Structures are given as structure tokens and as C-alpha cells.
$ cat structure-v4.pdb   # PDB, C-alpha atoms and all ligand atoms
ATOM      1  CA  MET A   1       5.477 -13.559  24.511
ATOM      2  CA  GLU A   2       5.809 -16.589  22.204
ATOM      3  CA  PRO A   3       4.421 -15.785  18.731
ATOM      4  CA  ARG A   4       1.204 -17.626  17.977
ATOM      5  CA  SER A   5       1.551 -20.475  15.457
ATOM      6  CA  LEU A   6      -0.474 -20.354  12.254
ATOM      7  CA  ILE A   7      -1.196 -22.981   9.636
ATOM      8  CA  LEU A   8      -2.279 -21.335   6.379
ATOM      9  CA  ASP A   9      -4.546 -23.143   3.926
ATOM     10  CA  MET A  10      -4.630 -21.200   0.663
ATOM     11  CA  ASP A  11      -5.279 -21.247  -3.060
ATOM     12  CA  VAL A  12      -2.326 -18.924  -3.627
ATOM     13  CA  GLY A  13      -3.490 -16.389  -5.864
ATOM     14  CA  VAL A  14      -2.939 -12.704  -5.616
ATOM     15  CA  ASP A  15      -4.730 -11.783  -2.415
ATOM     16  CA  ASP A  16      -3.583 -14.975  -0.698
ATOM     17  CA  SER A  17      -0.032 -13.835  -1.490
ATOM     18  CA  VAL A  18      -0.643 -10.432   0.075
ATOM     19  CA  ALA A  19      -2.009 -12.220   3.152
ATOM     20  CA  ILE A  20       1.262 -14.143   3.458
ATOM     21  CA  LEU A  21       3.283 -10.920   3.071
ATOM     22  CA  TYR A  22       1.192  -9.345   5.822
ATOM     23  CA  LEU A  23       1.534 -12.229   8.275
ATOM     24  CA  ALA A  24       5.267 -12.536   7.578
ATOM     25  CA  ALA A  25       5.593  -8.923   8.721
ATOM     26  CA  ARG A  26       3.863  -9.517  12.058
ATOM     27  CA  PRO A  27       6.298 -10.540  14.814
ATOM     28  CA  ASP A  28       3.410 -11.710  17.026
ATOM     29  CA  VAL A  29       2.551 -14.623  14.741
ATOM     30  CA  ARG A  30       4.625 -17.373  13.149
ATOM     31  CA  ILE A  31       3.682 -19.097   9.906
ATOM     32  CA  ALA A  32       4.348 -22.710  10.848
ATOM     33  CA  ALA A  33       3.218 -24.283   7.584
ATOM     34  CA  VAL A  34       1.209 -23.634   4.449
ATOM     35  CA  GLY A  35      -1.117 -26.082   2.715
ATOM     36  CA  SER A  36      -2.327 -25.372  -0.794
ATOM     37  CA  VAL A  37      -5.734 -26.186  -2.212
ATOM     38  CA  HIS A  38      -7.397 -25.978  -5.629
ATOM     39  CA  GLY A  39      -9.244 -22.730  -6.311
ATOM     40  CA  ASN A  40      -7.686 -19.687  -7.937
ATOM     41  CA  VAL A  41      -5.207 -22.062  -9.555
ATOM     42  CA  GLU A  42      -4.569 -25.794  -9.296
ATOM     43  CA  ALA A  43      -3.201 -27.031  -5.976
ATOM     44  CA  PRO A  44       0.388 -27.792  -7.074
ATOM     45  CA  LEU A  45       0.786 -24.299  -8.541
ATOM     46  CA  ALA A  46      -0.776 -22.770  -5.427
ATOM     47  CA  ALA A  47       1.856 -24.573  -3.328
ATOM     48  CA  GLU A  48       4.622 -23.391  -5.663
ATOM     49  CA  ASN A  49       3.337 -19.822  -5.356
ATOM     50  CA  ALA A  50       3.243 -20.144  -1.585
ATOM     51  CA  ARG A  51       6.912 -21.134  -1.651
ATOM     52  CA  ARG A  52       7.706 -18.162  -3.904
ATOM     53  CA  VAL A  53       6.119 -15.737  -1.443
ATOM     54  CA  LEU A  54       7.550 -17.431   1.652
ATOM     55  CA  GLU A  55      11.047 -17.291   0.158
ATOM     56  CA  LEU A  56      10.599 -13.613  -0.719
ATOM     57  CA  CYS A  57       9.958 -13.097   3.009
ATOM     58  CA  GLY A  58      12.990 -15.130   4.002
ATOM     59  CA  LEU A  59      10.803 -17.976   5.256
ATOM     60  CA  ASP A  60      12.602 -20.727   3.349
ATOM     61  CA  ASP A  61      12.169 -23.038   6.304
ATOM     62  CA  VAL A  62       8.366 -22.929   6.225
ATOM     63  CA  PRO A  63       6.930 -25.957   4.383
ATOM     64  CA  ALA A  64       4.313 -25.493   1.678
ATOM     65  CA  ALA A  65       2.508 -28.752   1.039
ATOM     66  CA  THR A  66       0.233 -29.501  -1.882
ATOM     67  CA  GLY A  67      -3.375 -30.271  -0.930
ATOM     68  CA  CYS A  68      -6.587 -31.454  -2.487
ATOM     69  CA  TRP A  69      -6.699 -31.093  -6.240
ATOM     70  CA  ARG A  70     -10.512 -30.916  -6.645
ATOM     71  CA  PRO A  71     -13.710 -30.266  -4.690
ATOM     72  CA  MET A  72     -15.545 -33.097  -2.899
ATOM     73  CA  ALA A  73     -18.618 -33.193  -5.084
ATOM     74  CA  GLN A  74     -18.216 -30.998  -8.143
ATOM     75  CA  GLU A  75     -15.760 -30.537 -10.987
ATOM     76  CA  LEU A  76     -12.563 -28.556 -10.506
ATOM     77  CA  ALA A  77     -12.906 -24.914 -11.534
ATOM     78  CA  THR A  78     -10.071 -22.380 -11.383
ATOM     79  CA  ALA A  79      -9.973 -18.581 -11.697
ATOM     80  CA  GLY A  80      -6.975 -17.764 -13.848
ATOM     81  CA  TRP A  81      -8.919 -14.892 -15.397
ATOM     82  CA  VAL A  82      -8.916 -13.121 -12.022
ATOM     83  CA  HIS A  83      -5.537 -14.076 -10.559
ATOM     84  CA  GLY A  84      -3.578 -14.731 -13.746
ATOM     85  CA  GLU A  85      -2.901 -18.192 -15.167
ATOM     86  CA  ASP A  86       0.174 -18.296 -12.922
ATOM     87  CA  GLY A  87      -1.885 -17.191  -9.901
ATOM     88  CA  LEU A  88       0.383 -14.152  -9.528
ATOM     89  CA  GLY A  89      -1.067 -11.716 -12.017
ATOM     90  CA  ASN A  90       0.752 -13.264 -15.020
ATOM     91  CA  THR A  91       4.025 -11.760 -13.745
ATOM     92  CA  ASN A  92       6.105 -14.837 -14.599
ATOM     93  CA  GLN A  93       7.951 -14.898 -11.306
ATOM     94  CA  PRO A  94      11.148 -16.971 -11.059
ATOM     95  CA  PRO A  95      10.629 -20.500  -9.703
ATOM     96  CA  PRO A  96      10.958 -21.027  -5.943
ATOM     97  CA  ARG A  97      14.233 -22.429  -4.657
ATOM     98  CA  ARG A  98      12.486 -25.393  -3.054
ATOM     99  CA  GLY A  99      10.360 -28.176  -4.453
ATOM    100  CA  PRO A 100       7.201 -29.656  -2.937
ATOM    101  CA  SER A 101       7.508 -30.846   0.662
ATOM    102  CA  GLY A 102       6.315 -34.326  -0.323
ATOM    103  CA  GLU A 103       3.671 -34.398   2.400
ATOM    104  CA  HIS A 104       0.006 -33.856   1.506
ATOM    105  CA  ALA A 105      -1.467 -30.690   3.004
ATOM    106  CA  VAL A 106      -4.212 -32.639   4.776
ATOM    107  CA  ALA A 107      -1.676 -35.022   6.326
ATOM    108  CA  GLN A 108       0.452 -32.013   7.306
ATOM    109  CA  LEU A 109      -2.518 -30.370   9.063
ATOM    110  CA  ILE A 110      -3.468 -33.543  10.963
ATOM    111  CA  ARG A 111       0.146 -34.312  11.902
ATOM    112  CA  LEU A 112       0.811 -30.817  13.254
ATOM    113  CA  ALA A 113      -2.464 -30.783  15.199
ATOM    114  CA  HIS A 114      -1.491 -33.986  17.001
ATOM    115  CA  GLU A 115       2.123 -32.901  17.555
ATOM    116  CA  ARG A 116       1.028 -29.723  19.398
ATOM    117  CA  PRO A 117      -2.581 -30.063  20.563
ATOM    118  CA  GLY A 118      -4.386 -26.774  21.133
ATOM    119  CA  ILE A 119      -1.595 -24.639  19.672
ATOM    120  CA  TYR A 120      -2.166 -24.170  15.970
ATOM    121  CA  GLU A 121      -4.539 -21.562  14.554
ATOM    122  CA  VAL A 122      -5.717 -22.187  11.006
ATOM    123  CA  VAL A 123      -6.191 -19.366   8.491
ATOM    124  CA  ALA A 124      -8.029 -20.638   5.423
ATOM    125  CA  THR A 125      -8.335 -18.367   2.417
ATOM    126  CA  GLY A 126      -9.306 -20.817  -0.289
ATOM    127  CA  PRO A 127     -11.934 -23.482  -0.835
ATOM    128  CA  LEU A 128     -12.296 -25.616   2.298
ATOM    129  CA  THR A 129     -11.630 -29.021   0.752
ATOM    130  CA  ASN A 130      -8.460 -29.670   2.783
ATOM    131  CA  LEU A 131     -10.124 -28.782   6.085
ATOM    132  CA  GLY A 132     -13.236 -30.763   5.206
ATOM    133  CA  THR A 133     -11.186 -33.792   4.204
ATOM    134  CA  ALA A 134      -9.151 -33.541   7.406
ATOM    135  CA  LEU A 135     -12.387 -33.540   9.406
ATOM    136  CA  VAL A 136     -13.545 -36.666   7.585
ATOM    137  CA  MET A 137     -10.215 -38.348   8.305
ATOM    138  CA  ASP A 138      -9.725 -37.285  11.941
ATOM    139  CA  ARG A 139     -12.584 -37.101  14.437
ATOM    140  CA  GLU A 140     -10.271 -35.482  17.004
ATOM    141  CA  LEU A 141      -9.219 -32.547  14.840
ATOM    142  CA  PRO A 142     -11.688 -29.915  16.117
ATOM    143  CA  ARG A 143     -10.385 -30.432  19.649
ATOM    144  CA  LEU A 144      -6.752 -30.185  18.598
ATOM    145  CA  ILE A 145      -6.953 -26.915  16.637
ATOM    146  CA  ARG A 146      -7.034 -23.704  18.662
ATOM    147  CA  SER A 147      -9.069 -21.666  16.160
ATOM    148  CA  VAL A 148     -10.054 -21.401  12.518
ATOM    149  CA  THR A 149     -10.450 -18.147  10.609
ATOM    150  CA  ILE A 150     -11.788 -18.376   7.075
ATOM    151  CA  MET A 151     -12.199 -15.926   4.263
ATOM    152  CA  GLY A 152     -15.454 -17.045   2.732
ATOM    153  CA  GLY A 153     -19.174 -16.652   2.348
ATOM    154  CA  SER A 154     -21.207 -13.570   3.038
ATOM    155  CA  ALA A 155     -23.604 -12.731   5.840
ATOM    156  CA  ASP A 156     -26.009 -11.123   3.417
ATOM    157  CA  GLY A 157     -26.013 -13.996   0.905
ATOM    158  CA  VAL A 158     -24.373 -11.989  -1.857
ATOM    159  CA  GLY A 159     -22.027 -13.977  -4.063
ATOM    160  CA  ASN A 160     -19.199 -13.300  -6.472
ATOM    161  CA  ALA A 161     -18.369 -16.599  -8.196
ATOM    162  CA  ALA A 162     -22.106 -17.258  -8.435
ATOM    163  CA  PRO A 163     -25.205 -15.126  -7.749
ATOM    164  CA  PHE A 164     -25.348 -16.303  -4.123
ATOM    165  CA  GLY A 165     -21.997 -18.081  -3.811
ATOM    166  CA  GLU A 166     -18.765 -16.529  -2.639
ATOM    167  CA  ALA A 167     -15.881 -18.277  -4.456
ATOM    168  CA  ASN A 168     -14.254 -20.154  -1.564
ATOM    169  CA  ILE A 169     -17.570 -21.592  -0.398
ATOM    170  CA  TRP A 170     -18.988 -22.058  -3.885
ATOM    171  CA  HIS A 171     -15.934 -24.075  -4.953
ATOM    172  CA  ASP A 172     -16.747 -26.721  -2.326
ATOM    173  CA  PRO A 173     -20.070 -26.357  -0.470
ATOM    174  CA  GLU A 174     -19.903 -29.863   1.028
ATOM    175  CA  ALA A 175     -16.535 -29.159   2.611
ATOM    176  CA  ALA A 176     -17.699 -25.767   3.844
ATOM    177  CA  GLU A 177     -20.724 -27.297   5.576
ATOM    178  CA  LEU A 178     -18.422 -29.660   7.463
ATOM    179  CA  VAL A 179     -16.048 -26.845   8.422
ATOM    180  CA  PHE A 180     -18.743 -24.492   9.751
ATOM    181  CA  ASN A 181     -20.295 -27.277  11.834
ATOM    182  CA  ALA A 182     -17.252 -29.103  13.180
ATOM    183  CA  GLY A 183     -17.468 -27.539  16.642
ATOM    184  CA  TRP A 184     -14.071 -25.770  16.604
ATOM    185  CA  PRO A 185     -13.815 -22.022  17.340
ATOM    186  CA  ILE A 186     -14.374 -20.535  13.873
ATOM    187  CA  THR A 187     -14.641 -17.011  12.516
ATOM    188  CA  MET A 188     -16.123 -16.246   9.114
ATOM    189  CA  VAL A 189     -14.767 -13.218   7.254
ATOM    190  CA  GLY A 190     -17.138 -12.775   4.345
ATOM    191  CA  LEU A 191     -17.621 -10.473   1.388
ATOM    192  CA  ASP A 192     -19.697  -8.091   3.517
ATOM    193  CA  VAL A 193     -16.537  -6.931   5.251
ATOM    194  CA  THR A 194     -13.865  -7.722   2.668
ATOM    195  CA  MET A 195     -15.458  -5.756  -0.172
ATOM    196  CA  VAL A 196     -15.377  -2.571   1.907
ATOM    197  CA  THR A 197     -11.825  -3.130   3.154
ATOM    198  CA  ARG A 198      -9.658  -2.210   0.228
ATOM    199  CA  LEU A 199      -6.599  -0.554  -1.224
ATOM    200  CA  GLU A 200      -7.409   2.487  -3.344
ATOM    201  CA  GLU A 201      -5.163   4.895  -5.250
ATOM    202  CA  PRO A 202      -3.490   6.537  -2.207
ATOM    203  CA  GLU A 203      -2.600   3.200  -0.660
ATOM    204  CA  LEU A 204      -1.586   1.665  -3.999
ATOM    205  CA  ALA A 205       0.668   4.647  -4.652
ATOM    206  CA  ALA A 206       2.277   4.385  -1.212
ATOM    207  CA  ILE A 207       3.010   0.709  -1.765
ATOM    208  CA  ALA A 208       4.300   1.320  -5.306
ATOM    209  CA  ALA A 209       6.630   4.047  -4.013
ATOM    210  CA  ALA A 210       8.196   1.799  -1.374
ATOM    211  CA  ALA A 211      11.515   0.046  -2.009
ATOM    212  CA  THR A 212      10.872  -3.053   0.095
ATOM    213  CA  PRO A 213      10.884  -6.428  -1.712
ATOM    214  CA  GLN A 214       7.381  -7.184  -0.475
ATOM    215  CA  ALA A 215       6.008  -3.837  -1.692
ATOM    216  CA  ARG A 216       7.575  -4.351  -5.105
ATOM    217  CA  PHE A 217       6.184  -7.891  -5.331
ATOM    218  CA  ALA A 218       2.708  -6.807  -4.195
ATOM    219  CA  THR A 219       2.653  -3.939  -6.704
ATOM    220  CA  ALA A 220       3.608  -6.298  -9.533
ATOM    221  CA  ILE A 221       1.096  -9.029  -8.797
ATOM    222  CA  LEU A 222      -1.753  -6.602  -8.123
ATOM    223  CA  GLN A 223      -1.804  -5.007 -11.591
ATOM    224  CA  HIS A 224      -3.783  -7.725 -13.371
ATOM    225  CA  TYR A 225      -6.087  -8.162 -10.355
ATOM    226  CA  LEU A 226      -6.814  -4.398 -10.282
ATOM    227  CA  GLY A 227      -7.674  -4.504 -13.970
ATOM    228  CA  VAL A 228     -10.219  -7.241 -13.367
ATOM    229  CA  TYR A 229     -11.784  -5.494 -10.376
ATOM    230  CA  ALA A 230     -11.875  -2.165 -12.242
ATOM    231  CA  LYS A 231     -14.834  -3.636 -14.136
ATOM    232  CA  SER A 232     -16.735  -3.823 -10.833
ATOM    233  CA  PHE A 233     -15.677  -0.387  -9.657
ATOM    234  CA  GLY A 234     -16.508   1.790 -12.669
ATOM    235  CA  GLY A 235     -12.988   1.713 -14.027
ATOM    236  CA  ARG A 236     -11.347   2.661 -10.724
ATOM    237  CA  ARG A 237      -8.319   0.690  -9.486
ATOM    238  CA  ILE A 238      -9.569  -0.769  -6.204
ATOM    239  CA  CYS A 239      -8.303  -3.929  -4.490
ATOM    240  CA  PRO A 240     -10.730  -5.605  -2.080
ATOM    241  CA  LEU A 241      -8.619  -7.203   0.649
ATOM    242  CA  HIS A 242     -10.428 -10.540   0.955
ATOM    243  CA  ASP A 243      -7.617 -12.799   2.203
ATOM    244  CA  PRO A 244      -5.418 -10.149   3.831
ATOM    245  CA  LEU A 245      -8.350  -9.066   6.016
ATOM    246  CA  ALA A 246      -9.006 -12.646   7.123
ATOM    247  CA  ALA A 247      -5.312 -12.917   7.998
ATOM    248  CA  GLY A 248      -5.506  -9.620   9.845
ATOM    249  CA  ILE A 249      -8.531 -10.740  11.866
ATOM    250  CA  ALA A 250      -6.856 -14.031  12.723
ATOM    251  CA  ALA A 251      -3.856 -12.085  14.058
ATOM    252  CA  ASP A 252      -5.927  -9.318  15.672
ATOM    253  CA  PRO A 253      -9.562 -10.242  16.365
ATOM    254  CA  THR A 254     -10.196  -6.726  17.738
ATOM    255  CA  LEU A 255     -10.432  -5.632  14.107
ATOM    256  CA  VAL A 256     -13.952  -7.068  14.187
ATOM    257  CA  THR A 257     -16.209  -4.320  15.587
ATOM    258  CA  SER A 258     -19.509  -6.160  15.198
ATOM    259  CA  ALA A 259     -20.138  -9.902  14.977
ATOM    260  CA  LEU A 260     -22.897 -12.468  15.247
ATOM    261  CA  ASP A 261     -22.472 -15.910  16.834
ATOM    262  CA  ALA A 262     -24.753 -18.007  14.682
ATOM    263  CA  GLU A 263     -25.228 -21.390  13.113
ATOM    264  CA  VAL A 264     -23.974 -21.237   9.525
ATOM    265  CA  HIS A 265     -25.099 -23.712   6.919
ATOM    266  CA  VAL A 266     -24.270 -23.918   3.248
ATOM    267  CA  SER A 267     -26.816 -24.441   0.511
ATOM    268  CA  ARG A 268     -25.930 -27.383  -1.667
ATOM    269  CA  ASP A 269     -28.871 -27.369  -4.030
ATOM    270  CA  GLY A 270     -29.987 -25.526  -7.107
ATOM    271  CA  GLU A 271     -29.599 -21.815  -7.712
ATOM    272  CA  THR A 272     -28.373 -21.095  -4.162
ATOM    273  CA  ARG A 273     -25.640 -23.779  -4.123
ATOM    274  CA  GLY A 274     -22.645 -22.311  -2.305
ATOM    275  CA  MET A 275     -24.668 -19.734  -0.392
ATOM    276  CA  THR A 276     -23.877 -19.291   3.310
ATOM    277  CA  MET A 277     -27.117 -19.287   5.300
ATOM    278  CA  ILE A 278     -26.803 -17.530   8.649
ATOM    279  CA  ASP A 279     -29.346 -18.492  11.310
ATOM    280  CA  ARG A 280     -29.953 -15.091  12.868
ATOM    281  CA  ARG A 281     -32.668 -16.236  15.255
ATOM    282  CA  PRO A 282     -32.073 -14.800  18.738
ATOM    283  CA  LYS A 283     -30.452 -16.941  21.375
ATOM    284  CA  TYR A 284     -33.688 -17.403  23.352
ATOM    285  CA  MET A 285     -34.694 -19.775  20.577
ATOM    286  CA  GLU A 286     -32.223 -22.352  21.895
ATOM    287  CA  ALA A 287     -35.284 -24.408  22.808
ATOM    288  CA  GLU A 288     -36.138 -24.519  19.111
ATOM    289  CA  GLY A 289     -33.145 -26.717  18.369
ATOM    290  CA  ARG A 290     -30.814 -23.815  17.820
ATOM    291  CA  ARG A 291     -27.990 -25.740  19.345
ATOM    292  CA  GLY A 292     -24.953 -24.742  17.391
ATOM    293  CA  PRO A 293     -22.123 -25.259  16.715
ATOM    294  CA  PHE A 294     -21.824 -21.551  16.162
ATOM    295  CA  THR A 295     -19.608 -19.490  13.895
ATOM    296  CA  ARG A 296     -18.496 -15.972  14.733
ATOM    297  CA  VAL A 297     -19.650 -14.062  11.651
ATOM    298  CA  ALA A 298     -17.878 -10.736  11.176
ATOM    299  CA  LEU A 299     -20.463  -8.080  10.368
ATOM    300  CA  GLN A 300     -18.353  -4.931  10.668
ATOM    301  CA  VAL A 301     -14.605  -4.359  10.903
ATOM    302  CA  ASP A 302     -12.244  -1.435  11.423
ATOM    303  CA  SER A 303     -11.287  -1.314   7.742
ATOM    304  CA  GLN A 304      -9.171   1.812   7.925
ATOM    305  CA  ARG A 305      -7.083   0.522  10.811
ATOM    306  CA  PHE A 306      -6.389  -2.694   8.907
ATOM    307  CA  VAL A 307      -5.582  -0.933   5.623
ATOM    308  CA  ASP A 308      -3.171   1.408   7.404
ATOM    309  CA  ASP A 309      -1.567  -1.552   9.162
ATOM    310  CA  LEU A 310      -1.202  -3.537   5.927
ATOM    311  CA  VAL A 311       0.340  -0.610   4.040
ATOM    312  CA  GLY A 312       2.734  -0.020   6.911
ATOM    313  CA  ARG A 313       3.882  -3.627   6.987
ATOM    314  CA  LEU A 314       4.341  -3.798   3.217
ATOM    315  CA  THR A 315       6.385  -0.599   3.094
ATOM    316  CA  ARG A 316       8.707  -1.185   6.058
ATOM    317  CA  PRO A 317      11.508  -3.766   6.137
ATOM    318  CA  LEU A 318      10.344  -7.153   7.339
ATOM    319  CA  PRO A 319      11.159  -7.884  10.989
ATOM    320  CA  GLY A 320      14.741  -9.094  11.283
ATOM    321  CA  ARG A 321      15.612  -8.166   7.709
ATOM    322  CA  PRO A 322      17.603  -4.974   7.015
ATOM    323  CA  ASP A 323      16.503  -4.563   3.374
TER
HETATM  324  O1  LIG B 401     -14.063 -14.554  -2.947
HETATM  325  C1  LIG B 401     -12.735 -14.193  -2.695
HETATM  326  C2  LIG B 401     -11.877 -15.392  -2.427
HETATM  327  O2  LIG B 401     -11.822 -16.209  -3.591
HETATM  328  C3  LIG B 401     -10.421 -15.035  -2.103
HETATM  329  O3  LIG B 401      -9.908 -15.997  -1.221
HETATM  330  C4  LIG B 401      -9.738 -15.140  -3.423
HETATM  331  O4  LIG B 401      -8.339 -15.464  -3.288
HETATM  332  C5  LIG B 401     -10.470 -16.292  -4.038
HETATM  333  O5  LIG B 401      -9.894 -17.485  -3.538
HETATM  334 CA    CA B 402      -7.854 -17.174  -1.801
END

$ encode --input "structure-v4.pdb" --output "C-alpha cells"
Amino acid sequence: MEPRSLILDMDVGVDDSVAILYLAARPDVRIAAVGSVHGNVEAPLAAENARRVLELCGLDDVPAATGCWRPMAQELATAGWVHGEDGLGNTNQPPPRRGPSGEHAVAQLIRLAHERPGIYEVVATGPLTNLGTALVMDRELPRLIRSVTIMGGSADGVGNAAPFGEANIWHDPEAAELVFNAGWPITMVGLDVTMVTRLEEPELAAIAAAATPQARFATAILQHYLGVYAKSFGGRRICPLHDPLAAGIAADPTLVTSALDAEVHVSRDGETRGMTMIDRRPKYMEAEGRRGPFTRVALQVDSQRFVDDLVGRLTRPLPGRPD
């Protein structure tokens, strides 16, 4: 069976990098292209980091284009304190072999969608500025993209970057509102499920003990990130798998064990700016204007199955590579 074709849209940071490592190890999907976006780090650095990780996986032929440098309607804010100023846990990785692709990530997304209508599946693990901008530029886009899976928001309204705002949504609420309501098949993988899907000491030790290049890289870039999250977990080294889980669900939707098809809107005002608001009214209320478009909101996932799968793919040689 032909591997499914993915376009990744990421603010390559630490967990975005682990998501790339995971997808590169799945023979049933092909990373066709990566677009970077502002968020954890600035967009050019996020693209450079994407190329670093792609090259580590032997994917030198996969383009990594630089995307939007700032949100639509608020100032740029980055998160070097979480992901390291270099976006890779301050590990000072060697530069990638390739330079920028020269194409803007939004142009890349629109071009690919028109070249192969109905084929590409988008996995977005950063702020949604590129996707939102692409929707503003191209009215056809929702009909050309096979599916969209995003790491972002939370079904219960809990935030991380802000009291009610999860970082990817909070960084660009205007873009997120467009993305949730564009009418394409979209799945939201929020903090509710990513915060309980995590690497803990046994898994971290298994990865650290492995000799594969991807396990070594993951172990290195996770150290700073674990130190930051230790503050939230009473000093324990725990890595919530935000972006890797979204990647996993995009590749294997059966990981979602409970979901809600609901209208999702994003607060853009005041204290709740960046909050994802899930309309949980039952379907019989269609008559009340509950028309959609709908988002599939992941409420529960098979965390253990995903964690085991991720550890396995990080600790075994990548498909087609003997090392
Ligand atoms: O809230 C978690 C999200 O924000 C992840 O995508 C992480 O990489 C940061 O972008
Ligand atoms: Ca991210």
C-alpha cells in the first residue's frame, strides 16, 4: 500500500522534533514537506531545526520551508525558556547540510495541495498562522487537503501558555478560528490527552540506553525540556508528548478511544483569549443553528500503546537504514 503523504507544519522545538523522528520511523507514512512557523522559536530557526532532524533521519530530500514569522493580530512571542534558545534544548547541534528551500511555507502548502488534490494530510504542531494564512489566500484549500490533525487547545479549557490558552492556539487565536472552521476534516489533539501521554523514567531510560542516532538525539534534546517540566511534576522528569501524540494520531487515528464531533471556536477577547470553546450541545440541537463545521476533538487516547510505539521506533534502526 502506498504510504500516506504528510505535510508537517511545525515550530520545531523539542517535541516537534520527536514527532518528526516518530513519523520518519513509520513506513506507512511519508513526510512530503515541512513548513516552519513562529512559536517555540522564530520561523527561520524552526525551519533550520526541521532540516537538522530530517537529515538525521536520512530525509535530506524532504524540503523544509520557512513560514510566517509572526501571528496575525498580536506580537511575536517565542518560548526559548522551554525549548532552549536554539529550539533543541540548547544542545548546539551542528548546522544542517542544506539551506532554506527558498519557497515560503504557505506557498509550499498551497502548491502541493493543487499538485495532488485530496492526497496530502497536514499535521500541525505549532501556532496555526501558516494554515490560517493559506486559507485566506486560497478558497479551494479545504477541498484539496485530505485531513488536518493539530496539536492544540484543550477540551476542558485549561491552558499552559496562558490561564485558558494552550500555546499553539494562544500564539494565534485568529488563525486558529479560521482553521477550526474551514470545513476540512480536522482532528484536535489537546492538552487533555497530551498531558497524560508521556515519557517517564522507564521510557526515558530505555531511549537513553539505545544506540540509534534518533534515540541519542532525542535523549540530548529532551534534557532541558525535562528540567522545565520537572517544575510542573514535583521535580520528576516527565515529558508530555504533545506533538508526538498528534503525529501518532494522524498516522493511526485508532489511538483515539473517545472523541466528540463538535463546533470549536476560539476566544479572542480578554482573559480567555486563546481558549478553545467546544460546543458540546447534543446533535439534536442542529435546529438551533448548530451547523458545523465540526472538529473531531480527542477526549481519550490509548496513551500506553502510543508510548510503547514511540519508544520502539526511537530505539530500533529507522526503516531502510542499517545503523
Ligand atoms: O502546548 C504545547 C505546544 O506548544 C507544543 O506544540 C509545543 O511544541 C509548543 O509549540
Ligand atoms: Ca510545537

$ residues_near_ligand --input "structure-v4.pdb" --ligand "ligand CA 402 (chain B)" --cutoff "9 Å" --atoms "all atoms listed in the file" --output "compact mmCIF listing (two decimals) with C-alpha atoms, in the frame of the given file"
# COMPACT_ATOMS: atom_id res chain seq x y z
CA ASP A 9 -4.55 -23.14 3.93
CA MET A 10 -4.63 -21.20 0.66
CA ASP A 11 -5.28 -21.25 -3.06
CA VAL A 12 -2.33 -18.92 -3.63
CA GLY A 13 -3.49 -16.39 -5.86
CA VAL A 14 -2.94 -12.70 -5.62
CA ASP A 15 -4.73 -11.78 -2.42
CA ASP A 16 -3.58 -14.98 -0.70
CA SER A 17 -0.03 -13.84 -1.49
CA GLY A 39 -9.24 -22.73 -6.31
CA ASN A 40 -7.69 -19.69 -7.94
CA ALA A 124 -8.03 -20.64 5.42
CA THR A 125 -8.34 -18.37 2.42
CA GLY A 126 -9.31 -20.82 -0.29
CA PRO A 127 -11.93 -23.48 -0.84
CA MET A 151 -12.20 -15.93 4.26
CA GLY A 152 -15.45 -17.05 2.73
CA ALA A 167 -15.88 -18.28 -4.46
CA ASN A 168 -14.25 -20.15 -1.56
CA HIS A 242 -10.43 -10.54 0.96
CA ASP A 243 -7.62 -12.80 2.20

$ resolve_selection --input "structure-v4.pdb" --expression "the PyMOL selection byres (((chain A and resi 87) around 12) and not hetatm)" --output "number ranges by chain"
A: 10-17, 38-50, 52-53, 78-86, 88-93, 221-222, 224-225

$ closest_residue --input "structure-v4.pdb" --among "A:Leu245, A:Val158, A:Ala251, A:Leu318" --to "Val29 of chain A" --atoms "all atoms listed in the file"
A:Ala251

$ atom_distance --input "structure-v4.pdb" --atom1 "atom CA of Val193 of chain A" --atom2 "atom CA of Thr66 of chain A"
29.0 Å

$ closest_residue --input "structure-v4.pdb" --among "A:Ile207, A:Leu310, A:Val136, A:Ala162" --to "ligand LIG 401 (chain B)" --atoms "all atoms listed in the file"
A:Ala162

$ closest_residue --input "structure-v4.pdb" --among "A:Leu109, A:Val18, A:Ala155, A:Leu299" --to "ligand LIG 401 (chain B)" --atoms "all atoms listed in the file"
A:Val18

$ resolve_selection --input "structure-v4.pdb" --expression "the PyMOL selection byres (((chain A and resi 107) around 10) and not hetatm)" --output "ChimeraX atom specification"
/A:35,65,67,103-106,108-113,130,133-134,137

$ resolve_selection --input "structure-v4.pdb" --expression "the PyMOL selection byres (((chain A and resi 240) around 9) and not hetatm)" --output "MDAnalysis selection string"
chainID A and resid 15 194:200 229 238:239 241:243

$ closest_residue --input "structure-v4.pdb" --among "A:Asp60, A:Asp138, A:Glu263, A:Glu271" --to "Pro163 of chain A" --atoms "all atoms listed in the file"
A:Glu271

$ residues_around --input "structure-v4.pdb" --residues "Trp170 of chain A" --least-positions-apart "5" --cutoff "9 Å" --atoms "only C-alpha atoms" --output "VMD selection string"
chain A and resid 127 153 159 161 to 162 164 to 165 176 273 to 275

$ residues_around --input "structure-v4.pdb" --residues "Glu174 of chain A" --least-positions-apart "4" --cutoff "8 Å" --atoms "only C-alpha atoms" --output "ChimeraX atom specification"
/A:72-73,132,178,266,268
